[in-house]
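> So that you have it, the file is structure14.pdb, and it contains PDB, C-alpha atoms:
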ATOM      1  CA  LYS I   1     -86.189   9.249  49.333  1.00  0.00           C
ATOM      2  CA  GLN I   2     -83.780  11.645  50.975  1.00  0.00           C
ATOM      3  CA  GLU I   3     -82.052  14.063  48.611  1.00  0.00           C
ATOM      4  CA  VAL I   4     -79.005  15.974  49.747  1.00  0.00           C
ATOM      5  CA  THR I   5     -77.675  19.022  47.948  1.00  0.00           C
ATOM      6  CA  GLN I   6     -74.524  21.021  48.570  1.00  0.00           C
ATOM      7  CA  ILE I   7     -73.884  24.588  47.538  1.00  0.00           C
ATOM      8  CA  PRO I   8     -71.598  25.814  46.127  1.00  0.00           C
ATOM      9  CA  ALA I   9     -70.279  22.977  43.979  1.00  0.00           C
ATOM     10  CA  ALA I  10     -66.858  24.601  43.921  1.00  0.00           C
ATOM     11  CA  LEU I  11     -65.231  27.340  45.940  1.00  0.00           C
ATOM     12  CA  SER I  12     -61.875  29.047  45.694  1.00  0.00           C
ATOM     13  CA  VAL I  13     -60.679  31.342  48.483  1.00  0.00           C
ATOM     14  CA  PRO I  14     -57.417  32.999  49.523  1.00  0.00           C
ATOM     15  CA  GLU I  15     -55.587  31.599  52.503  1.00  0.00           C
ATOM     16  CA  GLY I  16     -56.769  32.914  55.845  1.00  0.00           C
ATOM     17  CA  GLU I  17     -60.348  33.529  54.799  1.00  0.00           C
ATOM     18  CA  ASN I  18     -63.285  32.176  56.757  1.00  0.00           C
ATOM     19  CA  LEU I  19     -65.809  30.217  54.709  1.00  0.00           C
ATOM     20  CA  VAL I  20     -69.146  28.439  54.913  1.00  0.00           C
ATOM     21  CA  LEU I  21     -70.231  25.326  53.076  1.00  0.00           C
ATOM     22  CA  ASN I  22     -73.927  24.554  52.812  1.00  0.00           C
ATOM     23  CA  CYS I  23     -75.819  21.272  52.862  1.00  0.00           C
ATOM     24  CA  SER I  24     -79.571  20.908  52.338  1.00  0.00           C
ATOM     25  CA  PHE I  25     -81.674  17.793  52.803  1.00  0.00           C
ATOM     26  CA  THR I  26     -85.285  17.145  51.869  1.00  0.00           C
ATOM     27  CA  ASP I  27     -86.387  14.841  54.684  1.00  0.00           C
ATOM     28  CA  SER I  28     -86.068  16.437  58.109  1.00  0.00           C
ATOM     29  CA  ALA I  29     -86.532  13.064  59.819  1.00  0.00           C
ATOM     30  CA  ILE I  30     -82.831  12.459  59.977  1.00  0.00           C
ATOM     31  CA  TYR I  31     -80.961  10.553  62.642  1.00  0.00           C
ATOM     32  CA  ASN I  32     -77.529  12.079  62.152  1.00  0.00           C
ATOM     33  CA  LEU I  33     -75.687  14.334  59.785  1.00  0.00           C
ATOM     34  CA  GLN I  34     -72.016  13.803  59.103  1.00  0.00           C
ATOM     35  CA  TRP I  35     -69.425  15.909  57.296  1.00  0.00           C
ATOM     36  CA  PHE I  36     -66.565  14.244  55.449  1.00  0.00           C
ATOM     37  CA  ARG I  37     -63.457  15.339  53.654  1.00  0.00           C
ATOM     38  CA  GLN I  38     -62.216  13.589  50.538  1.00  0.00           C
ATOM     39  CA  ASP I  39     -58.815  14.178  49.031  1.00  0.00           C
ATOM     40  CA  PRO I  40     -58.434  13.474  45.285  1.00  0.00           C
ATOM     41  CA  GLY I  41     -58.669   9.771  44.497  1.00  0.00           C
ATOM     42  CA  LYS I  42     -58.910   8.835  48.160  1.00  0.00           C
ATOM     43  CA  GLY I  43     -61.500   7.607  50.612  1.00  0.00           C
ATOM     44  CA  LEU I  44     -63.499   9.672  53.070  1.00  0.00           C
ATOM     45  CA  THR I  45     -62.311  11.085  56.358  1.00  0.00           C
ATOM     46  CA  SER I  46     -64.949  11.928  58.923  1.00  0.00           C
ATOM     47  CA  LEU I  47     -64.770  15.519  60.155  1.00  0.00           C
ATOM     48  CA  LEU I  48     -67.788  16.109  62.327  1.00  0.00           C
ATOM     49  CA  LEU I  49     -70.897  14.232  63.323  1.00  0.00           C
ATOM     50  CA  ILE I  50     -74.046  15.988  64.495  1.00  0.00           C
ATOM     51  CA  GLN I  51     -76.674  13.867  66.131  1.00  0.00           C
ATOM     52  CA  SER I  52     -80.313  14.787  65.632  1.00  0.00           C
ATOM     53  CA  SER I  53     -80.604  16.084  69.182  1.00  0.00           C
ATOM     54  CA  GLN I  54     -77.656  18.437  68.720  1.00  0.00           C
ATOM     55  CA  ARG I  55     -77.452  21.763  66.949  1.00  0.00           C
ATOM     56  CA  GLU I  56     -73.725  22.021  66.389  1.00  0.00           C
ATOM     57  CA  GLN I  57     -70.338  20.410  66.795  1.00  0.00           C
ATOM     58  CA  THR I  58     -66.877  21.944  66.836  1.00  0.00           C
ATOM     59  CA  SER I  59     -63.452  20.504  66.135  1.00  0.00           C
ATOM     60  CA  GLY I  60     -60.530  22.875  65.920  1.00  0.00           C
ATOM     61  CA  ARG I  61     -61.156  25.352  63.113  1.00  0.00           C
ATOM     62  CA  LEU I  62     -64.294  23.524  62.023  1.00  0.00           C
ATOM     63  CA  ASN I  63     -67.821  24.144  63.237  1.00  0.00           C
ATOM     64  CA  ALA I  64     -70.866  22.357  61.895  1.00  0.00           C
ATOM     65  CA  SER I  65     -74.454  23.322  62.621  1.00  0.00           C
ATOM     66  CA  LEU I  66     -77.696  21.510  62.047  1.00  0.00           C
ATOM     67  CA  ASP I  67     -81.191  22.945  61.630  1.00  0.00           C
ATOM     68  CA  LYS I  68     -83.551  20.057  61.056  1.00  0.00           C
ATOM     69  CA  SER I  69     -86.638  22.221  60.705  1.00  0.00           C
ATOM     70  CA  SER I  70     -85.218  24.031  57.711  1.00  0.00           C
ATOM     71  CA  GLY I  71     -83.375  20.979  56.374  1.00  0.00           C
ATOM     72  CA  ARG I  72     -79.980  22.614  56.470  1.00  0.00           C
ATOM     73  CA  SER I  73     -76.505  22.080  57.799  1.00  0.00           C
ATOM     74  CA  THR I  74     -73.488  24.332  57.448  1.00  0.00           C
ATOM     75  CA  LEU I  75     -69.786  23.687  57.822  1.00  0.00           C
ATOM     76  CA  TYR I  76     -67.793  26.715  58.885  1.00  0.00           C
ATOM     77  CA  ILE I  77     -64.039  26.686  58.328  1.00  0.00           C
ATOM     78  CA  ALA I  78     -62.089  29.403  60.088  1.00  0.00           C
ATOM     79  CA  ALA I  79     -58.766  30.801  58.906  1.00  0.00           C
ATOM     80  CA  SER I  80     -58.562  28.522  55.889  1.00  0.00           C
ATOM     81  CA  GLN I  81     -55.240  26.937  54.930  1.00  0.00           C
ATOM     82  CA  PRO I  82     -53.990  25.397  51.664  1.00  0.00           C
ATOM     83  CA  GLY I  83     -54.124  22.005  53.382  1.00  0.00           C
ATOM     84  CA  ASP I  84     -57.893  22.419  53.635  1.00  0.00           C
ATOM     85  CA  SER I  85     -58.157  22.039  49.861  1.00  0.00           C
ATOM     86  CA  ALA I  86     -60.319  18.966  49.265  1.00  0.00           C
ATOM     87  CA  THR I  87     -63.870  17.965  48.472  1.00  0.00           C
ATOM     88  CA  TYR I  88     -66.255  18.227  51.395  1.00  0.00           C
ATOM     89  CA  LEU I  89     -69.260  15.933  51.527  1.00  0.00           C
ATOM     90  CA  CYS I  90     -72.203  15.955  53.875  1.00  0.00           C
ATOM     91  CA  ALA I  91     -74.242  12.835  54.498  1.00  0.00           C
ATOM     92  CA  ALA I  92     -77.632  12.428  56.121  1.00  0.00           C
ATOM     93  CA  ILE I  93     -78.738   9.222  57.760  1.00  0.00           C
ATOM     94  CA  PRO I  94     -82.521   9.067  57.960  1.00  0.00           C
ATOM     95  CA  ALA I  95     -84.274   7.841  61.051  1.00  0.00           C
ATOM     96  CA  TYR I  96     -85.924   4.956  59.251  1.00  0.00           C
ATOM     97  CA  ARG I  97     -82.963   3.069  57.843  1.00  0.00           C
ATOM     98  CA  ASN I  98     -79.297   2.532  58.341  1.00  0.00           C
ATOM     99  CA  GLN I  99     -78.070   4.156  55.143  1.00  0.00           C
ATOM    100  CA  PHE I 100     -76.252   7.364  54.383  1.00  0.00           C
ATOM    101  CA  TYR I 101     -77.397   9.733  51.667  1.00  0.00           C
ATOM    102  CA  PHE I 102     -74.519  11.778  50.360  1.00  0.00           C
ATOM    103  CA  GLY I 103     -74.550  15.309  49.087  1.00  0.00           C
ATOM    104  CA  THR I 104     -73.079  16.325  45.775  1.00  0.00           C
ATOM    105  CA  GLY I 105     -69.968  17.738  47.402  1.00  0.00           C
ATOM    106  CA  THR I 106     -68.172  21.081  47.476  1.00  0.00           C
ATOM    107  CA  SER I 107     -64.714  21.213  45.958  1.00  0.00           C
ATOM    108  CA  LEU I 108     -62.659  23.699  47.979  1.00  0.00           C
ATOM    109  CA  THR I 109     -59.401  25.274  46.846  1.00  0.00           C
ATOM    110  CA  VAL I 110     -57.489  27.470  49.270  1.00  0.00           C
ATOM    111  CA  ILE I 111     -54.974  29.617  47.437  1.00  0.00           C
ATOM    112  CA  PRO I 112     -51.698  30.345  49.256  1.00  0.00           C
TER
ATOM    113  CA  SER F 113     -64.467   3.756  65.947  1.00  0.00           C
ATOM    114  CA  ALA F 114     -63.630   1.252  63.227  1.00  0.00           C
ATOM    115  CA  VAL F 115     -60.577   0.848  61.051  1.00  0.00           C
ATOM    116  CA  ILE F 116     -61.251  -0.437  57.568  1.00  0.00           C
ATOM    117  CA  SER F 117     -58.619  -1.861  55.261  1.00  0.00           C
ATOM    118  CA  GLN F 118     -59.551  -1.996  51.625  1.00  0.00           C
ATOM    119  CA  LYS F 119     -57.537  -3.467  48.805  1.00  0.00           C
ATOM    120  CA  PRO F 120     -56.423  -3.042  46.168  1.00  0.00           C
ATOM    121  CA  SER F 121     -56.068   0.708  46.485  1.00  0.00           C
ATOM    122  CA  ARG F 122     -56.070   1.027  42.718  1.00  0.00           C
ATOM    123  CA  ASP F 123     -56.050  -1.106  39.602  1.00  0.00           C
ATOM    124  CA  ILE F 124     -56.121  -0.804  35.854  1.00  0.00           C
ATOM    125  CA  CYS F 125     -58.108  -3.596  34.213  1.00  0.00           C
ATOM    126  CA  GLN F 126     -58.959  -4.734  30.729  1.00  0.00           C
ATOM    127  CA  ARG F 127     -62.561  -4.580  29.630  1.00  0.00           C
ATOM    128  CA  GLY F 128     -64.388  -7.856  29.951  1.00  0.00           C
ATOM    129  CA  THR F 129     -62.442  -8.960  33.014  1.00  0.00           C
ATOM    130  CA  SER F 130     -63.508  -8.948  36.663  1.00  0.00           C
ATOM    131  CA  LEU F 131     -61.968  -7.424  39.766  1.00  0.00           C
ATOM    132  CA  THR F 132     -62.623  -8.390  43.373  1.00  0.00           C
ATOM    133  CA  ILE F 133     -62.229  -5.736  46.031  1.00  0.00           C
ATOM    134  CA  GLN F 134     -61.666  -6.768  49.629  1.00  0.00           C
ATOM    135  CA  CYS F 135     -62.736  -4.966  52.759  1.00  0.00           C
ATOM    136  CA  GLN F 136     -61.519  -5.929  56.232  1.00  0.00           C
ATOM    137  CA  VAL F 137     -62.819  -4.312  59.416  1.00  0.00           C
ATOM    138  CA  ASP F 138     -61.035  -4.418  62.764  1.00  0.00           C
ATOM    139  CA  SER F 139     -64.249  -5.172  64.655  1.00  0.00           C
ATOM    140  CA  GLN F 140     -67.395  -7.184  64.109  1.00  0.00           C
ATOM    141  CA  VAL F 141     -70.164  -5.302  62.327  1.00  0.00           C
ATOM    142  CA  THR F 142     -73.607  -6.356  61.263  1.00  0.00           C
ATOM    143  CA  MET F 143     -73.846  -4.405  58.033  1.00  0.00           C
ATOM    144  CA  MET F 144     -71.251  -3.375  55.531  1.00  0.00           C
ATOM    145  CA  PHE F 145     -71.981  -0.996  52.686  1.00  0.00           C
ATOM    146  CA  TRP F 146     -70.472  -0.746  49.229  1.00  0.00           C
ATOM    147  CA  TYR F 147     -70.487   2.588  47.398  1.00  0.00           C
ATOM    148  CA  ARG F 148     -69.470   3.729  43.956  1.00  0.00           C
ATOM    149  CA  GLN F 149     -68.185   7.184  43.180  1.00  0.00           C
ATOM    150  CA  GLN F 150     -68.021   7.936  39.491  1.00  0.00           C
ATOM    151  CA  PRO F 151     -65.674  10.691  38.314  1.00  0.00           C
ATOM    152  CA  GLY F 152     -66.867  14.070  39.516  1.00  0.00           C
ATOM    153  CA  GLN F 153     -69.888  12.574  41.250  1.00  0.00           C
ATOM    154  CA  SER F 154     -70.937  11.940  44.808  1.00  0.00           C
ATOM    155  CA  LEU F 155     -71.248   8.517  46.394  1.00  0.00           C
ATOM    156  CA  THR F 156     -73.961   6.101  45.313  1.00  0.00           C
ATOM    157  CA  LEU F 157     -74.850   3.091  47.417  1.00  0.00           C
ATOM    158  CA  ILE F 158     -74.469  -0.172  45.503  1.00  0.00           C
ATOM    159  CA  ALA F 159     -75.589  -2.649  48.127  1.00  0.00           C
ATOM    160  CA  THR F 160     -75.761  -3.526  51.788  1.00  0.00           C
ATOM    161  CA  ALA F 161     -73.986  -6.715  52.811  1.00  0.00           C
ATOM    162  CA  ASN F 162     -75.288  -8.635  55.809  1.00  0.00           C
ATOM    163  CA  GLN F 163     -73.485 -11.618  57.202  1.00  0.00           C
ATOM    164  CA  GLY F 164     -75.355 -14.846  56.571  1.00  0.00           C
ATOM    165  CA  SER F 165     -77.802 -13.497  54.017  1.00  0.00           C
ATOM    166  CA  GLU F 166     -77.960 -12.199  50.474  1.00  0.00           C
ATOM    167  CA  ALA F 167     -76.837  -8.655  49.904  1.00  0.00           C
ATOM    168  CA  THR F 168     -79.506  -6.040  49.332  1.00  0.00           C
ATOM    169  CA  TYR F 169     -78.967  -4.138  46.090  1.00  0.00           C
ATOM    170  CA  GLU F 170     -80.069  -0.601  45.341  1.00  0.00           C
ATOM    171  CA  SER F 171     -82.010   0.312  42.247  1.00  0.00           C
ATOM    172  CA  GLY F 172     -79.803   0.145  39.186  1.00  0.00           C
ATOM    173  CA  PHE F 173     -77.383  -2.418  40.606  1.00  0.00           C
ATOM    174  CA  VAL F 174     -77.685  -6.177  40.130  1.00  0.00           C
ATOM    175  CA  ILE F 175     -76.019  -9.184  41.670  1.00  0.00           C
ATOM    176  CA  ASP F 176     -74.741 -10.549  38.378  1.00  0.00           C
ATOM    177  CA  LYS F 177     -72.737  -7.390  37.804  1.00  0.00           C
ATOM    178  CA  PHE F 178     -71.690  -6.733  41.410  1.00  0.00           C
ATOM    179  CA  PRO F 179     -71.633 -10.005  43.337  1.00  0.00           C
ATOM    180  CA  ILE F 180     -70.904  -9.542  47.025  1.00  0.00           C
ATOM    181  CA  SER F 181     -69.668 -11.978  49.618  1.00  0.00           C
ATOM    182  CA  ARG F 182     -69.917 -11.598  53.367  1.00  0.00           C
ATOM    183  CA  PRO F 183     -68.427 -14.725  54.911  1.00  0.00           C
ATOM    184  CA  ASN F 184     -68.102 -13.318  58.440  1.00  0.00           C
ATOM    185  CA  LEU F 185     -68.679 -10.216  60.530  1.00  0.00           C
ATOM    186  CA  THR F 186     -65.371  -8.558  59.686  1.00  0.00           C
ATOM    187  CA  PHE F 187     -64.913  -9.155  55.967  1.00  0.00           C
ATOM    188  CA  SER F 188     -66.647  -8.554  52.660  1.00  0.00           C
ATOM    189  CA  THR F 189     -65.785  -8.583  48.981  1.00  0.00           C
ATOM    190  CA  LEU F 190     -67.287  -6.779  46.025  1.00  0.00           C
ATOM    191  CA  THR F 191     -66.649  -8.071  42.523  1.00  0.00           C
ATOM    192  CA  VAL F 192     -67.045  -5.856  39.495  1.00  0.00           C
ATOM    193  CA  SER F 193     -67.820  -8.303  36.695  1.00  0.00           C
ATOM    194  CA  ASN F 194     -67.401  -8.103  32.944  1.00  0.00           C
ATOM    195  CA  MET F 195     -65.989  -4.615  33.262  1.00  0.00           C
ATOM    196  CA  SER F 196     -66.427  -1.821  30.782  1.00  0.00           C
ATOM    197  CA  PRO F 197     -64.924   1.684  30.791  1.00  0.00           C
ATOM    198  CA  GLU F 198     -68.152   2.937  32.388  1.00  0.00           C
ATOM    199  CA  ASP F 199     -67.197   0.993  35.518  1.00  0.00           C
ATOM    200  CA  SER F 200     -64.182   3.235  36.047  1.00  0.00           C
ATOM    201  CA  SER F 201     -64.865   4.695  39.485  1.00  0.00           C
ATOM    202  CA  ILE F 202     -63.760   4.751  43.069  1.00  0.00           C
ATOM    203  CA  TYR F 203     -65.346   1.936  45.052  1.00  0.00           C
ATOM    204  CA  LEU F 204     -65.614   2.336  48.814  1.00  0.00           C
ATOM    205  CA  CYS F 205     -66.719   0.072  51.600  1.00  0.00           C
ATOM    206  CA  SER F 206     -68.212   1.487  54.742  1.00  0.00           C
ATOM    207  CA  VAL F 207     -69.505   0.454  58.112  1.00  0.00           C
ATOM    208  CA  THR F 208     -71.628   2.361  60.561  1.00  0.00           C
ATOM    209  CA  GLY F 209     -70.933   2.551  64.236  1.00  0.00           C
ATOM    210  CA  VAL F 210     -73.555   3.465  66.777  1.00  0.00           C
ATOM    211  CA  THR F 211     -73.912   6.930  65.326  1.00  0.00           C
ATOM    212  CA  GLU F 212     -71.464   7.516  62.506  1.00  0.00           C
ATOM    213  CA  ALA F 213     -69.962   6.032  59.353  1.00  0.00           C
ATOM    214  CA  PHE F 214     -66.426   4.875  58.696  1.00  0.00           C
ATOM    215  CA  PHE F 215     -64.895   4.341  55.288  1.00  0.00           C
ATOM    216  CA  GLY F 216     -62.112   2.391  53.708  1.00  0.00           C
ATOM    217  CA  GLN F 217     -59.526   4.268  51.709  1.00  0.00           C
ATOM    218  CA  GLY F 218     -61.232   3.300  48.473  1.00  0.00           C
ATOM    219  CA  THR F 219     -60.288   1.376  45.347  1.00  0.00           C
ATOM    220  CA  ARG F 220     -59.628   3.465  42.272  1.00  0.00           C
ATOM    221  CA  LEU F 221     -60.564   1.357  39.275  1.00  0.00           C
ATOM    222  CA  THR F 222     -59.717   2.268  35.708  1.00  0.00           C
ATOM    223  CA  VAL F 223     -61.038   0.063  32.913  1.00  0.00           C
ATOM    224  CA  VAL F 224     -59.277   0.301  29.564  1.00  0.00           C
TER
END
Written as structure tokens, how would this file's structure read?

Amino acid sequence: KQEVTQIPAALSVPEGENLVLNCSFTDSAIYNLQWFRQDPGKGLTSLLLIQSSQREQTSGRLNASLDKSSGRSTLYIAASQPGDSATYLCAAIPAYRNQFYFGTGTSLTVIP
Amino acid sequence: SAVISQKPSRDICQRGTSLTIQCQVDSQVTMMFWYRQQPGQSLTLIATANQGSEATYESGFVIDKFPISRPNLTFSTLTVSNMSPEDSSIYLCSVTGVTEAFFGQGTRLTVV
């Protein structure tokens, strides 16, 4: 069974700082990897999707990379803003079934 | 993409009662997924709902506690039965497109 881990569990940074969130998965036979944002008490908003054939995706200040061989993905946030404060979840979908395995999440606080 | 409407968005329920959560998708989908997110935890898959067949439950979840209906390709319900305070969680429905997942806004359930 796929296990997904995110480090750190919580992160607090001053506004304007660049930061990296890490996601590790145990089964490299993944189909896609997706990063989500979750605001307190709310549902999930998709940020970036990396397909297995890709190595990275960019959207605005966000860049996500995928290294299947090492079982890792990173989410890079440039010039962080207080509005970026949320929990960030990565999810791996394995090649063998249509289910997402979610990471434990990183709770980000950007201090004005 | 898919737009998912989930209701109620939140509820406070007495122990021993049941709550039915509805999930409506703006397009036809084969599979719909129900997740639970306990306080401070990541998402855990409860079951996969296929139209025209019984839902498939993950280990630790049973039909008597979480009955699911899937009457057509755009709608599903999850019932949380005989609730206890341990059922207090966010419940989310999800669908997968060709390559990525989409989520409803979640139902925040508090059992008192």
> Run the PyMOL selection byres ((chain F and resi 200) around 6) mentally over the shown coordinates, then write out the matched residues as number ranges by chain, using the chain letters and numbers from the document.
F: 197-199, 201, 221-223
> Work out how far CA of Leu48 in chain I is from CA of Thr87 in chain I, in Å to one decimal.
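Going from CA of Thr87 in chain I over to CA of Leu48 in chain I, I get 14.5 Å.
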> Given the file shown, determine the residues that the PyMOL selection byres ((chain F and resi 192) around 6) selects; report them as a list in words.
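Output from the PyMOL selection byres ((chain F and resi 192) around 6), applied to this file: Ser130, Leu131, Phe178, Thr191 and Ser193 of chain F.
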> Quick one: everything within 6 Å of Ala161 in chain F, counting all atoms listed in the file, minus sequence neighbours fewer than 2 positions away in the same chain. Send it as a ChimeraX atom specification.
/F:143-144,167
> Which residues are near range 3-16 of chain I? Cut-off 9 Å, only C-alpha atoms, ignore same chain within fewer than 5 positions. Put them as a ChimeraX atom specification.
/I:21-27,78-82,85,87,89-92,101-112
> When you draw a straight line from CA of Ala159 in chain F to CA of Thr142 in chain F, how long is it in Å?
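About the pair CA of Ala159 in chain F and CA of Thr142 in chain F: they are 13.8 Å apart.
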> Pull out every residue of chain F that has at least one atom within 10 Å of chain I, counting all atoms listed in the file, and report them as a PyMOL selection string.
chain F and resi 118+121-122+143+145+149+151-157+160+201-208+211-220
> For the structure provided, state which residues fall under the PyMOL selection byres ((chain I and resi 56) around 12), and present them as a PyMOL selection string.
chain I and resi 32-35+48-55+57-59+62-68+72-76
> Write out as JSON an axis-aligned box for range 156-167 of chain F: all of its atoms listed in the file, 3 Å added on each side, centre and edge lengths in Å with one decimal.

{"center_x": -75.7, "center_y": -4.4, "center_z": 51.3, "size_x": 10.5, "size_y": 26.9, "size_z": 17.9}
> I'd like the interatomic distance between CA of Ser70 in chain I and CA of Asn18 in chain I, to a tenth of an Å.
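Taking CA of Ser70 in chain I and CA of Asn18 in chain I, their separation equals 23.4 Å.
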> Go through F:Met195, F:Leu190, F:Val224, F:Ile116 one by one, measure the shortest atom-to-atom distance of each to Ser139 in chain F using only C-alpha atoms, and give the residue with the smallest value.
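Of F:Met195, F:Leu190, F:Val224, F:Ile116, the one nearest Ser139 in chain F, counting only C-alpha atoms, is F:Ile116.
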> Using all atoms listed in the file, what table do you get, as JSON lines, when you list each residue of range 131-173 of chain F with an atom no more than 8 Å from range 182-186 of chain F, its nearest pair of atoms, and their distance in Å rounded to one decimal, rows by chain then rising number?

{"residue": "F:Gln136", "atom": "CA", "partner": "F:Thr186", "partner_atom": "CA", "distance": 5.8}
{"residue": "F:Val137", "atom": "CA", "partner": "F:Thr186", "partner_atom": "CA", "distance": 5.0}
{"residue": "F:Asp138", "atom": "CA", "partner": "F:Thr186", "partner_atom": "CA", "distance": 6.7}
{"residue": "F:Ser139", "atom": "CA", "partner": "F:Thr186", "partner_atom": "CA", "distance": 6.1}
{"residue": "F:Gln140", "atom": "CA", "partner": "F:Leu185", "partner_atom": "CA", "distance": 4.9}
{"residue": "F:Val141", "atom": "CA", "partner": "F:Leu185", "partner_atom": "CA", "distance": 5.4}
{"residue": "F:Thr142", "atom": "CA", "partner": "F:Leu185", "partner_atom": "CA", "distance": 6.3}
{"residue": "F:Ala161", "atom": "CA", "partner": "F:Arg182", "partner_atom": "CA", "distance": 6.4}
{"residue": "F:Asn162", "atom": "CA", "partner": "F:Arg182", "partner_atom": "CA", "distance": 6.6}
{"residue": "F:Gln163", "atom": "CA", "partner": "F:Arg182", "partner_atom": "CA", "distance": 5.2}
{"residue": "F:Gly164", "atom": "CA", "partner": "F:Arg182", "partner_atom": "CA", "distance": 7.1}
> Between I:Pro40, I:Arg61, I:Ile77, I:Gly71, single out the one closest to Glu17 in chain I, counting only C-alpha atoms.
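Smallest separation from Glu17 in chain I among the options: I:Ile77.
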> Taking the partial coordinates given, rebuild range 45-64 of chain I to contain N, CA and C atoms; return it as an mmCIF file, in the coordinates of the input.

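And here's selection05.cif as it stands now:
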data_model
loop_
_atom_site.group_PDB
_atom_site.id
_atom_site.type_symbol
_atom_site.label_atom_id
_atom_site.label_comp_id
_atom_site.auth_asym_id
_atom_site.auth_seq_id
_atom_site.Cartn_x
_atom_site.Cartn_y
_atom_site.Cartn_z
ATOM 1 N N THR I 45 -62.721 10.888 54.975
ATOM 2 C CA THR I 45 -62.311 11.085 56.358
ATOM 3 C C THR I 45 -63.414 11.827 57.079
ATOM 4 N N SER I 46 -63.883 11.273 58.171
ATOM 5 C CA SER I 46 -64.949 11.928 58.923
ATOM 6 C C SER I 46 -64.409 13.168 59.624
ATOM 7 N N LEU I 47 -65.150 14.266 59.514
ATOM 8 C CA LEU I 47 -64.770 15.519 60.155
ATOM 9 C C LEU I 47 -65.599 15.777 61.401
ATOM 10 N N LEU I 48 -66.885 15.792 61.227
ATOM 11 C CA LEU I 48 -67.788 16.109 62.327
ATOM 12 C C LEU I 48 -69.074 15.317 62.166
ATOM 13 N N LEU I 49 -69.624 14.931 63.293
ATOM 14 C CA LEU I 49 -70.897 14.232 63.323
ATOM 15 C C LEU I 49 -71.843 15.025 64.204
ATOM 16 N N ILE I 50 -73.032 15.315 63.693
ATOM 17 C CA ILE I 50 -74.046 15.988 64.495
ATOM 18 C C ILE I 50 -75.216 15.040 64.649
ATOM 19 N N GLN I 51 -75.529 14.718 65.879
ATOM 20 C CA GLN I 51 -76.674 13.867 66.131
ATOM 21 C C GLN I 51 -77.943 14.715 66.084
ATOM 22 N N SER I 52 -79.067 14.049 65.869
ATOM 23 C CA SER I 52 -80.313 14.787 65.632
ATOM 24 C C SER I 52 -80.704 15.670 66.810
ATOM 25 N N SER I 53 -80.252 15.299 68.001
ATOM 26 C CA SER I 53 -80.604 16.084 69.182
ATOM 27 C C SER I 53 -79.687 17.278 69.389
ATOM 28 N N GLN I 54 -78.631 17.358 68.578
ATOM 29 C CA GLN I 54 -77.656 18.437 68.720
ATOM 30 C C GLN I 54 -77.898 19.517 67.669
ATOM 31 N N ARG I 55 -77.337 20.678 67.914
ATOM 32 C CA ARG I 55 -77.452 21.763 66.949
ATOM 33 C C ARG I 55 -76.112 22.097 66.309
ATOM 34 N N GLU I 56 -75.027 21.769 66.993
ATOM 35 C CA GLU I 56 -73.725 22.021 66.389
ATOM 36 C C GLU I 56 -72.637 21.194 67.044
ATOM 37 N N GLN I 57 -71.529 21.094 66.312
ATOM 38 C CA GLN I 57 -70.338 20.410 66.795
ATOM 39 C C GLN I 57 -69.121 21.210 66.324
ATOM 40 N N THR I 58 -68.095 21.197 67.157
ATOM 41 C CA THR I 58 -66.877 21.944 66.836
ATOM 42 C C THR I 58 -65.673 21.030 66.973
ATOM 43 N N SER I 59 -64.735 21.203 66.046
ATOM 44 C CA SER I 59 -63.452 20.504 66.135
ATOM 45 C C SER I 59 -62.393 21.408 65.537
ATOM 46 N N GLY I 60 -61.584 21.986 66.406
ATOM 47 C CA GLY I 60 -60.530 22.875 65.920
ATOM 48 C C GLY I 60 -61.098 24.067 65.178
ATOM 49 N N ARG I 61 -60.683 24.217 63.927
ATOM 50 C CA ARG I 61 -61.156 25.352 63.113
ATOM 51 C C ARG I 61 -62.496 25.070 62.431
ATOM 52 N N LEU I 62 -63.053 23.921 62.678
ATOM 53 C CA LEU I 62 -64.294 23.524 62.023
ATOM 54 C C LEU I 62 -65.466 23.624 62.992
ATOM 55 N N ASN I 63 -66.576 24.124 62.472
ATOM 56 C CA ASN I 63 -67.821 24.144 63.237
ATOM 57 C C ASN I 63 -68.952 23.758 62.302
ATOM 58 N N ALA I 64 -69.727 22.774 62.700
ATOM 59 C CA ALA I 64 -70.866 22.357 61.895
ATOM 60 C C ALA I 64 -72.144 22.590 62.674
#
